[in-house]
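File shown: entry_24.txt. Contents: compact mmCIF, C-alpha atoms.
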# COMPACT_ATOMS: atom_id res chain seq x y z
CA MET A 1 4.38 -21.32 -7.18
CA GLU A 2 1.44 -23.50 -7.99
CA SER A 3 -1.50 -22.45 -10.09
CA ARG A 4 -5.23 -22.35 -9.46
CA ASP A 5 -6.18 -25.64 -11.15
CA GLY A 6 -6.35 -27.62 -7.89
CA LEU A 7 -2.92 -26.52 -6.67
CA MET A 8 -2.06 -23.94 -4.04
CA TYR A 9 -0.13 -20.77 -3.36
CA ASN A 10 2.41 -20.48 -0.56
CA TYR A 11 2.89 -17.61 1.88
CA GLU A 12 5.81 -16.20 -0.10
CA ASP A 13 3.50 -15.83 -3.11
CA PHE A 14 1.47 -13.27 -1.14
CA THR A 15 4.52 -11.14 -0.31
CA TRP A 16 6.47 -11.22 -3.57
CA ILE A 17 4.62 -8.26 -5.12
CA PRO A 18 5.40 -5.73 -2.33
CA THR A 19 8.92 -7.20 -2.04
CA ILE A 20 9.63 -6.74 -5.76
CA SER A 21 7.96 -3.32 -5.68
CA TYR A 22 10.35 -1.98 -3.05
CA ARG A 23 13.34 -3.55 -4.78
CA LEU A 24 12.63 -1.25 -7.73
CA CYS A 25 14.36 1.43 -5.63
CA GLY A 26 16.95 -0.99 -4.21
CA PHE A 27 15.21 -1.42 -0.84
CA ASP A 28 14.02 -4.54 0.98
CA VAL A 29 11.81 -4.32 4.06
CA LEU A 30 12.55 -7.95 4.99
CA ASP A 31 16.30 -7.48 4.56
CA THR A 32 17.95 -9.95 6.96
CA PRO A 33 21.65 -10.64 7.73
CA ASN A 34 21.49 -14.12 6.17
CA LYS A 35 20.04 -12.67 2.93
CA PRO A 36 21.87 -9.37 2.39
CA ARG A 37 21.14 -7.15 -0.59
CA PRO A 38 23.82 -6.96 -3.28
CA LEU A 39 26.15 -3.98 -3.03
CA TRP A 40 24.88 -2.49 -6.30
CA MET A 41 21.32 -2.52 -4.96
CA LYS A 42 22.37 -0.74 -1.76
CA LEU A 43 24.26 1.88 -3.78
CA TYR A 44 21.26 2.38 -6.08
CA HIS A 45 18.97 2.83 -3.08
CA TRP A 46 21.25 5.41 -1.50
CA ALA A 47 21.47 7.21 -4.84
CA CYS A 48 17.65 7.46 -4.77
CA VAL A 49 17.69 8.70 -1.16
CA CYS A 50 20.40 11.29 -1.77
CA SER A 51 18.69 12.53 -4.95
CA HIS A 52 15.42 12.81 -3.05
CA ILE A 53 17.03 14.85 -0.27
CA CYS A 54 18.74 17.09 -2.84
CA CYS A 55 15.49 17.72 -4.74
CA VAL A 56 13.47 18.39 -1.58
CA CYS A 57 16.10 20.90 -0.41
CA PHE A 58 15.94 22.70 -3.76
CA MET A 59 12.13 22.65 -3.63
CA PHE A 60 12.00 24.37 -0.24
CA ARG A 61 14.72 26.79 -1.34
CA ARG A 62 12.51 27.92 -4.22
CA ILE A 63 9.52 28.21 -1.89
CA ILE A 64 11.50 30.38 0.53
CA GLU A 65 12.91 32.55 -2.29
CA ARG A 66 9.44 32.92 -3.94
CA ASP A 67 11.02 34.70 -6.90
CA THR A 68 10.37 31.90 -9.41
CA ILE A 69 6.86 31.03 -8.18
CA ASN A 70 5.08 33.80 -10.05
CA ASN A 71 1.81 32.31 -11.38
CA ILE A 72 -1.15 30.19 -10.29
CA SER A 73 0.04 27.16 -12.26
CA LEU A 74 3.35 27.05 -10.39
CA ILE A 75 1.65 27.60 -7.02
CA MET A 76 -0.64 24.61 -7.60
CA ARG A 77 2.29 22.53 -8.83
CA TYR A 78 4.35 23.29 -5.74
CA ALA A 79 1.34 22.54 -3.51
CA THR A 80 1.01 19.15 -5.22
CA LEU A 81 4.71 18.42 -4.80
CA VAL A 82 4.81 19.38 -1.13
CA THR A 83 1.82 17.22 -0.17
CA TYR A 84 3.12 14.30 -2.23
CA VAL A 85 6.57 14.58 -0.63
CA VAL A 86 5.03 14.57 2.86
CA ASN A 87 2.95 11.52 1.95
CA SER A 88 5.81 9.55 0.42
CA ASP A 89 8.32 10.43 3.14
CA THR A 90 5.88 9.31 5.83
CA LYS A 91 5.42 5.98 4.09
CA TYR A 92 9.16 5.61 3.58
CA GLY A 93 9.63 6.25 7.29
CA THR A 94 7.07 3.50 8.00
CA SER A 95 9.09 1.05 5.90
CA GLN A 96 12.17 1.70 8.06
CA GLN A 97 10.57 -0.26 10.92
CA LYS A 98 12.29 -3.38 9.62
CA GLN A 99 12.17 -5.35 12.86
CA ALA A 100 8.43 -4.73 13.24
CA PHE A 101 7.84 -5.78 9.62
CA GLN A 102 9.95 -8.91 10.04
CA ARG A 103 8.24 -9.84 13.30
CA LEU A 104 4.75 -9.41 11.87
CA ASN A 105 5.69 -11.22 8.66
CA GLY A 106 7.10 -14.15 10.67
CA LYS A 107 3.95 -14.50 12.77
CA LEU A 108 1.68 -14.50 9.71
CA ALA A 109 3.96 -17.00 7.95
CA LYS A 110 3.57 -19.40 10.91
CA LEU A 111 -0.22 -19.07 10.78
CA PHE A 112 -0.35 -19.70 7.04
CA PRO A 113 -1.81 -23.16 6.19
CA LYS A 114 0.82 -25.69 5.13
CA SER A 115 -1.01 -28.80 3.92
CA LYS A 116 -3.05 -28.95 0.73
CA GLN A 117 -6.31 -29.68 2.56
CA SER A 118 -5.69 -26.83 5.01
CA LYS A 119 -5.11 -24.45 2.10
CA ILE A 120 -8.37 -25.59 0.54
CA ASP A 121 -10.18 -25.04 3.85
CA HIS A 122 -8.70 -21.54 4.15
CA ARG A 123 -9.59 -20.75 0.50
CA VAL A 124 -6.05 -19.58 -0.13
CA ASP A 125 -6.53 -19.25 -3.90
CA GLU A 126 -9.49 -16.90 -3.45
CA TYR A 127 -7.40 -14.51 -1.39
CA TYR A 128 -4.43 -14.37 -3.74
CA TRP A 129 -3.70 -11.08 -5.52
CA PRO A 130 -6.61 -10.50 -7.95
CA ARG A 131 -5.84 -9.57 -11.53
CA PRO A 132 -7.45 -6.06 -11.30
CA THR A 133 -5.09 -5.21 -8.43
CA ILE A 134 -2.06 -6.28 -10.45
CA VAL A 135 -3.31 -4.19 -13.39
CA LEU A 136 -3.72 -1.22 -11.02
CA ILE A 137 -0.11 -1.59 -9.85
CA VAL A 138 1.19 -1.68 -13.43
CA VAL A 139 -0.91 1.34 -14.48
CA TYR A 140 0.17 3.28 -11.36
CA TYR A 141 3.84 2.74 -12.09
CA GLY A 142 3.30 3.42 -15.80
CA SER A 143 1.46 6.70 -15.19
CA SER A 144 4.04 7.76 -12.59
CA ALA A 145 6.87 7.06 -15.03
CA MET A 146 5.08 9.07 -17.71
CA VAL A 147 4.93 12.10 -15.37
CA VAL A 148 8.74 12.09 -15.35
CA LEU A 149 9.25 10.92 -18.94
CA GLY A 150 6.65 13.32 -20.32
CA PRO A 151 8.94 16.39 -20.50
CA LEU A 152 11.63 14.35 -22.27
CA LEU A 153 9.08 13.07 -24.79
CA GLN A 154 7.77 16.59 -25.22
CA SER A 155 11.30 17.88 -25.89
CA GLY A 156 11.83 15.09 -28.42
CA TYR A 157 8.57 15.94 -30.19
CA ILE A 158 9.49 19.61 -30.39
CA TYR A 159 12.90 18.65 -31.75
CA LEU A 160 11.32 16.54 -34.51
CA MET A 161 8.77 19.23 -35.39
CA GLU A 162 10.86 22.39 -35.01
CA ASN A 163 14.44 21.07 -35.11
CA ARG A 164 15.27 22.48 -31.68
CA PHE A 165 15.59 20.76 -28.28
CA SER A 166 13.64 22.57 -25.55
CA TYR A 167 15.43 21.02 -22.52
CA VAL A 168 12.17 20.61 -20.59
CA HIS A 169 12.37 18.62 -17.36
CA CYS A 170 9.89 17.48 -14.73
CA TYR A 171 10.19 19.72 -11.66
CA PRO A 172 10.21 23.55 -11.58
CA TYR A 173 12.79 23.99 -8.82
CA TYR A 174 15.75 23.27 -11.12
CA ILE A 175 16.28 26.15 -13.55
CA PHE A 176 18.26 25.26 -16.67
CA ASP A 177 19.26 27.78 -19.32
CA PRO A 178 20.66 26.05 -22.46
CA GLU A 179 22.24 29.35 -23.56
CA GLN A 180 24.39 29.59 -20.44
CA ASP A 181 24.49 26.21 -18.64
CA PRO A 182 26.51 23.19 -19.91
CA LEU A 183 24.65 20.25 -21.40
CA TRP A 184 25.85 17.79 -18.74
CA GLN A 185 23.95 19.83 -16.17
CA TYR A 186 20.65 19.08 -17.91
CA PHE A 187 21.28 15.35 -17.83
CA LEU A 188 22.35 15.59 -14.17
CA ILE A 189 19.11 17.41 -13.36
CA TYR A 190 17.07 14.78 -15.17
CA ALA A 191 18.89 11.93 -13.39
CA LEU A 192 18.28 13.58 -9.99
CA GLU A 193 14.61 14.08 -10.80
CA TRP A 194 14.21 10.50 -12.00
CA LEU A 195 15.76 9.00 -8.84
CA HIS A 196 13.81 11.44 -6.67
CA SER A 197 10.54 10.40 -8.31
CA THR A 198 11.48 6.72 -8.10
CA LEU A 199 11.82 6.85 -4.33
CA MET A 200 8.58 8.81 -3.85
CA VAL A 201 6.43 6.70 -6.15
CA ILE A 202 7.73 3.37 -4.90
CA SER A 203 7.44 4.39 -1.24
CA ASN A 204 3.83 5.43 -1.81
CA MET A 205 2.88 2.22 -3.58
CA SER A 206 5.03 -0.38 -1.82
CA THR A 207 4.16 0.55 1.77
CA ASP A 208 0.46 0.27 0.94
CA LEU A 209 1.07 -3.04 -0.84
CA TRP A 210 2.70 -4.43 2.31
CA LEU A 211 -0.31 -3.24 4.29
CA VAL A 212 -2.70 -4.91 1.84
CA SER A 213 -0.63 -8.11 1.89
CA PHE A 214 -0.86 -8.31 5.69
CA GLU A 215 -4.57 -7.44 5.77
CA VAL A 216 -5.35 -10.12 3.19
CA GLN A 217 -3.86 -12.68 5.56
CA ILE A 218 -5.95 -11.39 8.47
CA CYS A 219 -9.10 -11.50 6.32
CA MET A 220 -8.38 -15.07 5.23
CA HIS A 221 -7.97 -16.30 8.81
CA PHE A 222 -11.06 -14.46 10.09
CA ASP A 223 -13.09 -15.98 7.27
CA TYR A 224 -11.76 -19.45 8.10
CA ILE A 225 -12.59 -19.08 11.81
CA ALA A 226 -16.15 -17.94 11.07
CA ARG A 227 -16.83 -20.79 8.62
CA SER A 228 -15.23 -23.42 10.88
CA LEU A 229 -17.24 -22.26 13.87
CA GLU A 230 -20.51 -22.04 11.96
CA ASN A 231 -20.17 -25.54 10.49
CA TYR A 232 -18.96 -27.27 13.66
CA LYS A 233 -21.42 -29.51 15.54
CA PRO A 234 -20.39 -30.05 19.17
CA ASN A 235 -21.73 -32.93 21.22
CA SER A 236 -21.51 -33.60 24.94
CA THR A 237 -20.39 -37.20 24.27
CA ARG A 238 -17.08 -36.07 22.71
CA ASP A 239 -16.11 -33.45 25.25
CA PRO A 240 -12.26 -33.59 24.79
CA LYS A 241 -12.53 -33.12 21.02
CA ASP A 242 -14.94 -30.22 21.37
CA ARG A 243 -12.81 -28.50 23.99
CA LYS A 244 -9.72 -28.83 21.79
CA PHE A 245 -11.58 -27.33 18.82
CA ILE A 246 -13.01 -24.36 20.71
CA SER A 247 -9.71 -23.63 22.50
CA GLN A 248 -7.94 -23.51 19.14
CA ILE A 249 -10.58 -21.11 17.84
CA VAL A 250 -10.26 -18.89 20.94
CA ASN A 251 -6.47 -18.79 20.67
CA ARG A 252 -6.49 -18.13 16.92
CA HIS A 253 -9.07 -15.38 17.32
CA ASN A 254 -6.99 -13.73 20.04
CA ASP A 255 -3.84 -14.02 17.91
CA LEU A 256 -5.55 -12.30 14.99
CA LEU A 257 -6.79 -9.42 17.14
CA GLU A 258 -3.25 -8.89 18.43
CA LEU A 259 -1.83 -9.05 14.90
CA GLN A 260 -4.33 -6.43 13.76
CA GLU A 261 -3.16 -4.17 16.57
CA GLU A 262 0.43 -4.68 15.41
CA ILE A 263 -0.58 -3.67 11.88
CA ASN A 264 -2.25 -0.53 13.24
CA GLY A 265 0.86 0.27 15.25
CA ILE A 266 3.12 -0.03 12.21
CA PHE A 267 0.95 1.70 9.60
CA GLY A 268 -1.20 4.02 11.73
CA SER A 269 0.77 7.25 11.30
CA SER A 270 1.31 6.77 7.55
CA LEU A 271 -2.38 5.97 7.08
CA LEU A 272 -3.45 9.14 8.87
CA LEU A 273 -1.14 11.42 6.90
CA SER A 274 -1.94 9.55 3.69
CA LEU A 275 -5.66 10.17 4.11
CA LEU A 276 -5.09 13.81 5.05
CA THR A 277 -2.71 14.56 2.18
CA THR A 278 -4.38 12.43 -0.51
CA ALA A 279 -7.38 14.73 -0.77
CA GLY A 280 -5.00 17.70 -1.01
CA VAL A 281 -2.92 16.05 -3.75
CA PHE A 282 -6.02 15.22 -5.79
CA CYS A 283 -7.44 18.74 -5.47
CA THR A 284 -4.20 20.45 -6.50
CA VAL A 285 -3.64 18.00 -9.36
CA ALA A 286 -7.19 18.60 -10.58
CA VAL A 287 -6.76 22.39 -10.53
CA TYR A 288 -3.31 22.18 -12.13
CA THR A 289 -4.65 19.92 -14.90
CA GLN A 290 -7.50 22.33 -15.63
CA ILE A 291 -5.02 25.20 -15.92
CA GLN A 292 -2.63 23.25 -18.16
CA GLY A 293 -5.35 21.83 -20.40
CA LEU A 294 -5.42 18.51 -22.24
CA ASN A 295 -1.78 18.24 -23.20
CA LEU A 296 0.50 15.26 -22.54
CA GLU A 297 1.37 16.50 -19.05
CA GLY A 298 -2.26 17.09 -18.14
CA ILE A 299 -3.35 13.65 -19.36
CA THR A 300 -0.56 11.86 -17.44
CA TYR A 301 -1.51 13.75 -14.27
CA VAL A 302 -5.17 12.74 -14.68
CA VAL A 303 -4.22 9.06 -15.12
CA PHE A 304 -1.90 9.31 -12.12
CA MET A 305 -4.66 10.87 -10.01
CA LEU A 306 -7.13 8.12 -10.93
CA THR A 307 -4.70 5.29 -10.16
CA ALA A 308 -3.66 6.93 -6.88
CA SER A 309 -7.34 7.18 -5.96
CA SER A 310 -7.74 3.47 -6.74
CA LEU A 311 -4.82 2.71 -4.40
CA VAL A 312 -6.58 4.53 -1.56
CA TYR A 313 -9.74 2.59 -2.38
CA LEU A 314 -7.81 -0.70 -2.22
CA VAL A 315 -6.56 0.04 1.30
CA CYS A 316 -10.02 1.17 2.44
CA TYR A 317 -11.62 -1.91 0.87
CA TYR A 318 -9.49 -4.32 2.89
CA GLY A 319 -10.02 -2.20 5.99
CA GLU A 320 -13.76 -2.66 5.45
CA LYS A 321 -13.33 -6.39 4.81
CA VAL A 322 -11.35 -6.97 8.03
CA LYS A 323 -14.09 -5.24 9.99
CA SER A 324 -16.96 -7.17 8.38
CA LEU A 325 -15.28 -10.59 8.63
CA SER A 326 -14.29 -10.11 12.26
CA THR A 327 -17.87 -9.05 13.05
CA TYR A 328 -19.29 -12.09 11.26
CA ILE A 329 -17.59 -14.35 13.82
CA THR A 330 -20.32 -13.28 16.28
CA ASN A 331 -23.03 -14.43 13.85
CA ALA A 332 -21.19 -17.70 13.27
CA ALA A 333 -21.02 -18.31 17.03
CA TYR A 334 -24.76 -17.68 17.40
CA ASN A 335 -25.77 -19.64 14.32
CA HIS A 336 -23.93 -22.90 14.85
CA ASN A 337 -25.45 -25.77 16.82
CA TRP A 338 -24.11 -25.03 20.32
CA SER A 339 -27.12 -26.27 22.33
CA ASP A 340 -25.67 -29.79 22.76
CA ALA A 341 -22.22 -28.53 23.68
CA PRO A 342 -20.65 -29.13 27.13
CA PRO A 343 -20.52 -26.21 29.62
CA ASP A 344 -16.81 -25.49 29.04
CA TYR A 345 -17.47 -25.19 25.32
CA LYS A 346 -20.27 -22.68 25.93
CA LYS A 347 -18.05 -20.58 28.21
CA SER A 348 -15.36 -20.43 25.55
CA LEU A 349 -18.03 -19.51 23.02
CA LEU A 350 -19.08 -16.56 25.19
CA ILE A 351 -15.47 -15.36 25.23
CA ILE A 352 -15.41 -15.38 21.42
CA ILE A 353 -18.75 -13.55 21.22
CA ALA A 354 -17.62 -10.92 23.73
CA ARG A 355 -14.38 -10.29 21.85
CA ALA A 356 -16.10 -10.18 18.47
CA GLN A 357 -18.54 -7.52 19.71
CA ARG A 358 -15.69 -5.07 19.20
CA PRO A 359 -14.57 -5.85 15.64
CA ALA A 360 -10.98 -5.76 14.46
CA GLU A 361 -10.38 -2.55 12.53
CA LEU A 362 -7.68 -1.02 10.43
CA THR A 363 -7.22 2.37 12.06
CA ALA A 364 -5.11 5.48 11.52
CA MET A 365 -3.39 6.34 14.82
CA GLY A 366 -5.97 4.30 16.71
CA TYR A 367 -8.99 6.57 16.29
CA LEU A 368 -9.78 6.95 12.57
CA PRO A 369 -11.19 3.70 11.12
CA VAL A 370 -10.10 3.01 7.55
CA SER A 371 -13.06 1.68 5.59
CA LEU A 372 -15.16 2.39 2.52
CA ASP A 373 -16.89 5.18 4.45
CA THR A 374 -13.46 6.76 4.85
CA PHE A 375 -12.91 6.55 1.11
CA LYS A 376 -16.27 8.24 0.50
CA GLN A 377 -15.22 11.04 2.84
CA VAL A 378 -11.96 11.48 0.92
CA GLY A 379 -14.10 11.62 -2.23
CA ARG A 380 -16.24 14.38 -0.73
CA ASP A 381 -13.08 16.30 0.17
CA GLN A 382 -12.06 16.06 -3.49
CA GLY A 383 -15.36 17.57 -4.57
CA TYR A 384 -17.14 14.46 -5.79
CA ILE A 385 -19.12 11.68 -4.14
CA VAL A 386 -17.95 8.09 -4.51
CA TYR A 387 -20.80 5.59 -4.54
Reformat the file's structure so that it appears as structure tokens.
Amino acid sequence: MESRDGLMYNYEDFTWIPTISYRLCGFDVLDTPNKPRPLWMKLYHWACVCSHICCVCFMFRRIIERDTINNISLIMRYATLVTYVVNSDTKYGTSQQKQAFQRLNGKLAKLFPKSKQSKIDHRVDEYYWPRPTIVLIVVYYGSSAMVVLGPLLQSGYIYLMENRFSYVHCYPYYIFDPEQDPLWQYFLIYALEWLHSTLMVISNMSTDLWLVSFEVQICMHFDYIARSLENYKPNSTRDPKDRKFISQIVNRHNDLLELQEEINGIFGSSLLLSLLTTAGVFCTVAVYTQIQGLNLEGITYVVFMLTASSLVYLVCYYGEKVKSLSTYITNAAYNHNWSDAPPDYKKSLLIIIARAQRPAELTAMGYLPVSLDTFKQVGRDQGYIVY
């Protein structure tokens, strides 16, 4: 990978973050027969999946029994867990569309500029993962890990202060009694909870990172088309050159609109459920934190809530950017010097303008646009306004 001082990034540099993110749970969306995952990684991934299934079954068993859910704090905690499980499982299900991911990834890789000058023209460096996004990813994973590690740290603190180990663990649906149950059972519970959380957290983050990675590519190409069209100066004396240029623009614009539809088809259902459940998760976390007070668990939940909110904002931001850049192509077509162009050029220009009248949008299930207005609405659902 080449750095920003005059050198360029490659396509693989845009996909390594979501790829590495999913590999944290032993999974690879772009897993192909010629590059199989190691056996240990497959076993680790299935350990995460099996632990997740086991924990979800125990969670619903406790909900059906209702005997152990006997206070407001536990009710809010279970509400948070249920909505978060639905959200993460939907995103994990989205990641199982491997062929669709591979097909879309291959098409975007072919469109990616290859030469140094082409990368400069596309402003590749400007669209690479910004540092604040990378910090957000690190903080999200750190705060998520602290939610699971918090009880163990709390037990260690109590042991140092009071010389007794409290055997606290993360989730309420496993009941451990140190007076009756063997010690190995506590460590088994903690291992199950850790693997269960790993799959949920990584599914939530990684699927959205793949979405952002694809949308960044779409934004970069829309921006390049608009700038190329706006700066181009056609002339009737060089008709073949002008026709070649405008036909390439028409074809590229059409390709990008089709790719955006593919993105919507892959991520639409997870986006819809994510937006519906995110507000619920934030509300229940906020109430649960108020009940628990400012202890270690409450603080970690607050940090987790803020980073999760930032992740939703990131997706909505790129949804807004795709829309605005695709719309700007119309302005670029109007603004450039087309008066001297040959008739065929003008006809092709009308095709671009007509297509750009309906902007490309990131949508949830085809009818709910994902943009900054959507994020504001989620903020209102949480009880605060995001400006």
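Proximity of A:His122, A:Arg243, A:Trp194, A:Phe60 to A:Val147, computed with all atoms listed in the file, is greatest for A:Trp194.
Atom CA of A:Leu104 is found 21.5 Å from atom CA of A:Arg123.
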Pick from A:Leu350, A:Met220, A:Ile291, A:Leu275, whichever lies nearest to A:Ile120 using only C-alpha atoms:
A:Met220
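Across the structure, atom CA of A:Asp89 and atom CA of A:Ala308 are spaced 16.0 Å apart.
With atom CA of A:Trp40 on one side and atom CA of A:Arg23 on the other, the separation reads 11.7 Å.
Among A:Ser324, A:Thr277, A:Thr198, A:Gln180, the residue with the shortest atom-to-atom distance to A:Ser144, counting all atoms listed in the file, is A:Thr198.
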Counting all atoms listed in the file, which residues of stretch 8-35 of chain A fall within 12 Å of stretch 129-132 of chain A, and what is the closest atom pair for each with its distance in Å at one decimal, ordered by chain and rising number, as CSV?
residue,atom,partner,partner_atom,distance
A:Tyr9,CA,A:Trp129,CA,10.6
A:Tyr11,CA,A:Trp129,CA,11.9
A:Asp13,CA,A:Trp129,CA,9.0
A:Phe14,CA,A:Trp129,CA,7.1
A:Thr15,CA,A:Trp129,CA,9.7
A:Trp16,CA,A:Trp129,CA,10.4
A:Ile17,CA,A:Trp129,CA,8.8
A:Pro18,CA,A:Trp129,CA,11.0
Find the nearest atom pair between each residue of stretch 28-97 of chain A and stretch 264-273 of chain A for residues within 7 Å, count only C-alpha atoms, give distances in Å to one decimal, sort rows by chain and ascending number, and present the table as a tab-separated table.
residue	atom	partner	partner_atom	distance
A:Asn87	CA	A:Leu273	CA	6.4
A:Thr90	CA	A:Ser270	CA	5.5
A:Lys91	CA	A:Ser270	CA	5.4
A:Thr94	CA	A:Phe267	CA	6.6
Residues as selected, C-alpha atoms, written as a PDB file, keeping the file's coordinate frame, can you do that?
ATOM      1  CA  ASN A  87       2.950  11.520   1.950  1.00  0.00           C
ATOM      2  CA  THR A  90       5.880   9.310   5.830  1.00  0.00           C
ATOM      3  CA  LYS A  91       5.420   5.980   4.090  1.00  0.00           C
ATOM      4  CA  THR A  94       7.070   3.500   8.000  1.00  0.00           C
TER       5      THR A  94
END
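Ranking A:Val29, A:Leu276, A:Ala109, A:Ile69 by their shortest atom-to-atom distance to A:Val86, with all atoms listed in the file included, puts A:Leu276 first.
Considering the residues A:Glu320, A:Asp255, A:Glu193, A:Glu215 and counting all atoms listed in the file, A:Tyr173 has its shortest atom-to-atom contact with A:Glu193.
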Near stretch 344-347 of chain A, counting all atoms listed in the file, which residues have an atom at most 12 Å away, once you skip same-chain residues fewer than 5 positions from it, shown as a short mmCIF file (atom, residue, chain, number, x, y, z; two decimals) with C-alpha atoms, in the coordinates of the input?
data_model
loop_
_atom_site.label_atom_id
_atom_site.label_comp_id
_atom_site.auth_asym_id
_atom_site.auth_seq_id
_atom_site.Cartn_x
_atom_site.Cartn_y
_atom_site.Cartn_z
CA LEU A 229 -17.24 -22.26 13.87
CA TYR A 232 -18.96 -27.27 13.66
CA LYS A 233 -21.42 -29.51 15.54
CA PRO A 234 -20.39 -30.05 19.17
CA ASN A 235 -21.73 -32.93 21.22
CA SER A 236 -21.51 -33.60 24.94
CA ARG A 238 -17.08 -36.07 22.71
CA ASP A 239 -16.11 -33.45 25.25
CA PRO A 240 -12.26 -33.59 24.79
CA LYS A 241 -12.53 -33.12 21.02
CA ASP A 242 -14.94 -30.22 21.37
CA ARG A 243 -12.81 -28.50 23.99
CA LYS A 244 -9.72 -28.83 21.79
CA PHE A 245 -11.58 -27.33 18.82
CA ILE A 246 -13.01 -24.36 20.71
CA SER A 247 -9.71 -23.63 22.50
CA GLN A 248 -7.94 -23.51 19.14
CA ILE A 249 -10.58 -21.11 17.84
CA VAL A 250 -10.26 -18.89 20.94
CA ALA A 333 -21.02 -18.31 17.03
CA TYR A 334 -24.76 -17.68 17.40
CA HIS A 336 -23.93 -22.90 14.85
CA ASN A 337 -25.45 -25.77 16.82
CA TRP A 338 -24.11 -25.03 20.32
CA SER A 339 -27.12 -26.27 22.33
CA ILE A 352 -15.41 -15.38 21.42
CA ILE A 353 -18.75 -13.55 21.22
CA ALA A 354 -17.62 -10.92 23.73
#
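For the choices A:Gly156, A:Pro359, A:Gly26, A:Gly142, the atom-to-atom distance to A:Gly319 is smallest for A:Pro359 when using all atoms listed in the file.
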9 Å contact set for A:Leu314, all atoms listed in the file, chain neighbours under 3 positions out, as a ChimeraX atom specification
/A:133,208,212,309-311,317-319
With all atoms listed in the file counted, which protein, DNA or RNA residues have an atom no more than 7 Å from (3.6, -4.7, -3.9) in the file frame? Please answer as number ranges by chain.
A: 17-21, 205-206, 209-210
Take every atom of stretch 43-56 of chain A listed in the file, fit an axis-aligned box around them, add 4 Å per side, and give the centre and edge lengths in Å to one decimal as AutoDock Vina command-line options.
--center_x 18.9 --center_y 10.1 --center_z -3.2 --size_x 18.8 --size_y 24.5 --size_z 13.8
Each residue of stretch 162-196 of chain A lying at most 9 Å from stretch 44-49 of chain A should get a row with its shortest atom-to-atom pair and the distance in Å to one decimal, counting only C-alpha atoms; could you produce that, ordered by chain and increasing number, as a Markdown table?
| residue | atom | partner | partner_atom | distance |
| --- | --- | --- | --- | --- |
| A:Leu192 | CA | A:Cys48 | CA | 8.1 |
| A:Trp194 | CA | A:Cys48 | CA | 8.6 |
| A:Leu195 | CA | A:Cys48 | CA | 4.7 |
| A:His196 | CA | A:Cys48 | CA | 5.8 |
